Amino acid sequence: MYSVIKTSGFQYKVAAGQILRLPLQQAEIGSTFTIDQILLAADGAEIKVGQPVVAGAKVSAEILVHGQEKKIMVFRRKRRKGFRRLRGHRTQFTEVVITSVEFGSKKDTIEAARLEFARKRANAFAVRHTPASRPLTRKEKVAQGPKA
């Protein structure tokens with residue numbers, strides 16, 4: 001069973017148990033949210049296409065972690081003019097796991113083992129990408145004194 005959802009201006013094909021990176025969502029880690037904009041819902045035998053959305057269908061997801069993608073470098077130049085610009089940016093994302101897909105009377109949910117795996121994976125990501133503490137200010141470094 002799968003669905004095509006629309007969120008934050010993008011469309012995604014999702015199934016229960018799938019881990020997905022969405023643009024940054026304003027919600028707490030561990031909270032669940034429901035997506036009501038289902039453009040297509042299918043269960044193998046029946047496919048329902050919405051006009052524009054499928055009535056009575058919804059997808060539930062749990063927020064695992066917030067983070068930033070790797071840096072994307074953007075280089076611009078104009079030939080024969082000496083114009084060059086190098087800029088970079090890191091896009092913020094929210095990683096979610098799809099916990100259930102509902103379509104009419106049919107419902108497909110995630111297994112407990114898959115949900116636990118997704119939570120452990122997100123926790124490992126957060127540990128790797130979160131600094132242990134904030135960096136010291138110059139004033140704090142001076143107060144510590146010279147290193148021996």
# chains A, B, ... in the order shown; residues from 1 in each chain; ligands from 1
>>> residues_around(residues="Pro23 in chain A", least_positions_apart="4", cutoff="8 Å", atoms="only C-alpha atoms", output="PyMOL selection string")
chain A and resi 8+92-94
>>> select_by_dssp(residues="chain A", states="strand (DSSP E or B)", output="PyMOL selection string")
chain A and resi 2-7+10-15+19-23+32-35+38-42+47-49+57-68+72-78+83-89+92-103+106-109
>>> residues_around(residues="range 100-110 of chain A", least_positions_apart="5", cutoff="6 Å", atoms="only C-alpha atoms", output="number ranges by chain")
A: 16-17, 56-60
>>> write_last_selection(atoms="N, CA and C atoms", output="mmCIF file, in the first residue's frame")
data_model
loop_
_atom_site.group_PDB
_atom_site.id
_atom_site.type_symbol
_atom_site.label_atom_id
_atom_site.label_comp_id
_atom_site.auth_asym_id
_atom_site.auth_seq_id
_atom_site.Cartn_x
_atom_site.Cartn_y
_atom_site.Cartn_z
ATOM 1 N N ALA A 16 4.258 2.798 4.355
ATOM 2 C CA ALA A 16 4.467 2.663 5.798
ATOM 3 C C ALA A 16 5.859 2.099 6.060
ATOM 4 N N GLY A 17 6.573 2.723 6.992
ATOM 5 C CA GLY A 17 7.922 2.278 7.341
ATOM 6 C C GLY A 17 9.017 3.011 6.604
ATOM 7 N N GLY A 56 -10.833 11.213 2.550
ATOM 8 C CA GLY A 56 -10.783 10.140 3.534
ATOM 9 C C GLY A 56 -9.436 9.447 3.646
ATOM 10 N N ALA A 57 -8.453 9.873 2.918
ATOM 11 C CA ALA A 57 -7.121 9.269 2.999
ATOM 12 C C ALA A 57 -6.207 10.173 3.805
ATOM 13 N N LYS A 58 -5.318 9.548 4.587
ATOM 14 C CA LYS A 58 -4.349 10.342 5.337
ATOM 15 C C LYS A 58 -3.113 9.511 5.631
ATOM 16 N N VAL A 59 -2.016 10.214 5.858
ATOM 17 C CA VAL A 59 -0.732 9.590 6.154
ATOM 18 C C VAL A 59 -0.232 10.181 7.467
ATOM 19 N N SER A 60 0.201 9.314 8.386
ATOM 20 C CA SER A 60 0.755 9.762 9.665
ATOM 21 C C SER A 60 2.261 9.558 9.648
#
>>> closest_atom_pairs(of="range 56-104 of chain A", to="range 111-128 of chain A", cutoff="10 Å", atoms="only C-alpha atoms", output="tab-separated table")
residue	atom	partner	partner_atom	distance
A:Glu62	CA	A:Leu115	CA	9.3
A:Ile63	CA	A:Arg119	CA	9.3
A:Leu64	CA	A:Ala122	CA	5.8
A:Val65	CA	A:Ala122	CA	5.9
A:His66	CA	A:Ala126	CA	8.3
A:Gly67	CA	A:Ala126	CA	8.1
A:Glu95	CA	A:Ala122	CA	8.0
A:Val96	CA	A:Ala118	CA	8.8
A:Val97	CA	A:Ala118	CA	7.0
A:Ile98	CA	A:Leu115	CA	9.0
A:Thr99	CA	A:Leu115	CA	7.7
A:Ser100	CA	A:Glu111	CA	9.9
>>> write_last_selection(atoms="C-alpha atoms", output="compact mmCIF listing (two decimals), in the first residue's frame")
# COMPACT_ATOMS: atom_id res chain seq x y z
CA GLU A 62 6.73 10.74 13.27
CA ILE A 63 9.52 13.33 13.37
CA LEU A 64 12.90 11.71 13.97
CA VAL A 65 15.51 14.46 13.67
CA HIS A 66 16.19 17.95 12.31
CA GLY A 67 19.45 18.62 10.50
CA GLU A 95 13.71 13.43 8.78
CA VAL A 96 10.45 11.57 9.35
CA VAL A 97 9.29 7.96 9.36
CA ILE A 98 5.89 7.16 7.86
CA THR A 99 3.97 5.34 10.61
CA SER A 100 0.68 4.64 8.83
>>> select_by_dssp(residues="chain A", states="helix (DSSP H, G or I)", output="NGL selection string")
:A and (112-129 or 138-144)
>>> write_last_selection(atoms="N, CA and C atoms", output="tab-separated table (two decimals), in the first residue's frame")
chain	number	residue	atom	x	y	z
A	112	ALA	N	6.79	-2.58	14.76
A	112	ALA	CA	7.48	-1.98	15.90
A	112	ALA	C	9.00	-2.03	15.73
A	113	ALA	N	9.53	-3.10	15.14
A	113	ALA	CA	10.97	-3.24	14.95
A	113	ALA	C	11.49	-2.18	13.97
A	114	ARG	N	10.74	-1.90	12.93
A	114	ARG	CA	11.15	-0.90	11.94
A	114	ARG	C	11.14	0.50	12.55
A	115	LEU	N	10.14	0.77	13.38
A	115	LEU	CA	10.06	2.07	14.05
A	115	LEU	C	11.22	2.25	15.01
A	116	GLU	N	11.56	1.21	15.75
A	116	GLU	CA	12.69	1.27	16.68
A	116	GLU	C	14.00	1.47	15.93
A	117	PHE	N	14.16	0.80	14.79
A	117	PHE	CA	15.36	0.99	13.96
A	117	PHE	C	15.47	2.43	13.50
A	118	ALA	N	14.37	3.02	13.06
A	118	ALA	CA	14.39	4.41	12.58
A	118	ALA	C	14.76	5.36	13.71
A	119	ARG	N	14.26	5.12	14.91
A	119	ARG	CA	14.59	5.98	16.05
A	119	ARG	C	16.06	5.87	16.42
A	120	LYS	N	16.61	4.65	16.42
A	120	LYS	CA	18.03	4.46	16.73
A	120	LYS	C	18.92	5.12	15.67
A	121	ARG	N	18.52	5.00	14.41
A	121	ARG	CA	19.27	5.62	13.31
A	121	ARG	C	19.30	7.14	13.46
A	122	ALA	N	18.15	7.72	13.81
A	122	ALA	CA	18.07	9.17	13.99
A	122	ALA	C	18.88	9.61	15.20
A	123	ASN	N	18.87	8.82	16.26
A	123	ASN	CA	19.64	9.16	17.45
A	123	ASN	C	21.14	9.13	17.14
A	124	ALA	N	21.58	8.15	16.38
A	124	ALA	CA	22.99	8.06	15.99
A	124	ALA	C	23.39	9.27	15.14
A	125	PHE	N	22.50	9.70	14.24
A	125	PHE	CA	22.76	10.88	13.41
A	125	PHE	C	22.89	12.12	14.30
A	126	ALA	N	21.98	12.26	15.27
A	126	ALA	CA	22.00	13.43	16.14
A	126	ALA	C	23.28	13.47	16.97
A	127	VAL	N	23.75	12.31	17.44
A	127	VAL	CA	24.98	12.27	18.24
A	127	VAL	C	26.18	12.67	17.38
A	128	ARG	N	26.22	12.21	16.14
A	128	ARG	CA	27.35	12.53	15.25
A	128	ARG	C	27.37	13.99	14.83
A	129	HIS	N	26.20	14.60	14.67
A	129	HIS	CA	26.13	15.94	14.09
A	129	HIS	C	25.78	17.04	15.08
A	138	ARG	N	35.91	34.36	23.39
A	138	ARG	CA	37.28	34.84	23.63
A	138	ARG	C	37.49	35.16	25.11
A	139	LYS	N	36.50	35.77	25.72
A	139	LYS	CA	36.58	36.13	27.14
A	139	LYS	C	36.76	34.89	28.02
A	140	GLU	N	36.05	33.82	27.72
A	140	GLU	CA	36.16	32.58	28.48
A	140	GLU	C	37.52	31.92	28.29
A	141	LYS	N	38.06	32.00	27.07
A	141	LYS	CA	39.38	31.44	26.80
A	141	LYS	C	40.46	32.18	27.57
A	142	VAL	N	40.36	33.50	27.65
A	142	VAL	CA	41.32	34.32	28.39
A	142	VAL	C	41.24	33.99	29.87
A	143	ALA	N	40.02	33.79	30.37
A	143	ALA	CA	39.83	33.49	31.78
A	143	ALA	C	40.43	32.13	32.16
A	144	GLN	N	40.49	31.20	31.22
A	144	GLN	CA	41.08	29.89	31.50
A	144	GLN	C	42.60	29.98	31.68
>>> closest_residue(among="A:Ser31, A:Phe75, A:Asp36, A:Gln26", to="Thr7 in chain A", atoms="only C-alpha atoms")
A:Asp36
>>> closest_residue(among="A:Lys71, A:Lys6, A:Arg84, A:Arg76", to="Ile38 in chain A", atoms="only C-alpha atoms")
A:Lys6
>>> decode(residues="range 16-40 of chain A", atoms="N, CA and C atoms", output="short mmCIF file (atom, residue, chain, number, x, y, z; two decimals), in the first residue's frame")
data_model
loop_
_atom_site.label_atom_id
_atom_site.label_comp_id
_atom_site.auth_asym_id
_atom_site.auth_seq_id
_atom_site.Cartn_x
_atom_site.Cartn_y
_atom_site.Cartn_z
N ALA A 16 4.26 2.80 4.36
CA ALA A 16 4.47 2.66 5.80
C ALA A 16 5.86 2.10 6.06
N GLY A 17 6.57 2.72 6.99
CA GLY A 17 7.92 2.28 7.34
C GLY A 17 9.02 3.01 6.60
N GLN A 18 8.68 3.85 5.66
CA GLN A 18 9.67 4.57 4.87
C GLN A 18 10.23 5.76 5.65
N ILE A 19 11.55 5.96 5.56
CA ILE A 19 12.19 7.11 6.17
C ILE A 19 12.37 8.16 5.08
N LEU A 20 12.00 9.39 5.38
CA LEU A 20 11.91 10.42 4.36
C LEU A 20 12.49 11.73 4.88
N ARG A 21 13.19 12.47 4.03
CA ARG A 21 13.70 13.80 4.39
C ARG A 21 12.83 14.86 3.73
N LEU A 22 12.19 15.66 4.57
CA LEU A 22 11.33 16.75 4.11
C LEU A 22 12.01 18.07 4.39
N PRO A 23 11.60 19.15 3.74
CA PRO A 23 12.08 20.46 4.14
C PRO A 23 11.71 20.71 5.60
N LEU A 24 12.43 21.59 6.25
CA LEU A 24 12.29 21.80 7.69
C LEU A 24 10.84 22.02 8.11
N GLN A 25 10.38 21.22 9.07
CA GLN A 25 9.03 21.32 9.63
C GLN A 25 9.15 21.94 11.02
N GLN A 26 8.23 22.80 11.38
CA GLN A 26 8.24 23.44 12.69
C GLN A 26 7.48 22.58 13.68
N ALA A 27 8.15 21.52 14.18
CA ALA A 27 7.54 20.62 15.16
C ALA A 27 8.65 19.99 15.99
N GLU A 28 8.28 19.48 17.15
CA GLU A 28 9.24 18.88 18.06
C GLU A 28 9.63 17.48 17.61
N ILE A 29 10.85 17.08 17.96
CA ILE A 29 11.32 15.72 17.66
C ILE A 29 10.50 14.74 18.50
N GLY A 30 10.04 13.66 17.88
CA GLY A 30 9.23 12.66 18.57
C GLY A 30 7.74 12.88 18.40
N SER A 31 7.33 14.04 17.94
CA SER A 31 5.90 14.29 17.76
C SER A 31 5.43 13.69 16.43
N THR A 32 4.15 13.44 16.34
CA THR A 32 3.57 12.91 15.12
C THR A 32 2.69 13.97 14.47
N PHE A 33 2.59 13.89 13.17
CA PHE A 33 1.71 14.80 12.46
C PHE A 33 1.03 14.05 11.33
N THR A 34 -0.08 14.58 10.86
CA THR A 34 -0.88 13.95 9.82
C THR A 34 -0.83 14.78 8.56
N ILE A 35 -0.66 14.12 7.44
CA ILE A 35 -0.67 14.78 6.14
C ILE A 35 -1.99 14.44 5.48
N ASP A 36 -2.78 15.46 5.15
CA ASP A 36 -4.10 15.26 4.56
C ASP A 36 -4.11 15.44 3.05
N GLN A 37 -3.06 16.02 2.50
CA GLN A 37 -3.02 16.24 1.06
C GLN A 37 -2.47 14.99 0.37
N ILE A 38 -3.36 14.02 0.12
CA ILE A 38 -3.02 12.77 -0.53
C ILE A 38 -3.50 12.89 -1.98
N LEU A 39 -2.56 12.87 -2.91
CA LEU A 39 -2.90 13.03 -4.32
C LEU A 39 -3.29 11.70 -4.97
N LEU A 40 -2.73 10.59 -4.46
CA LEU A 40 -3.02 9.28 -5.01
C LEU A 40 -2.87 8.26 -3.90
#
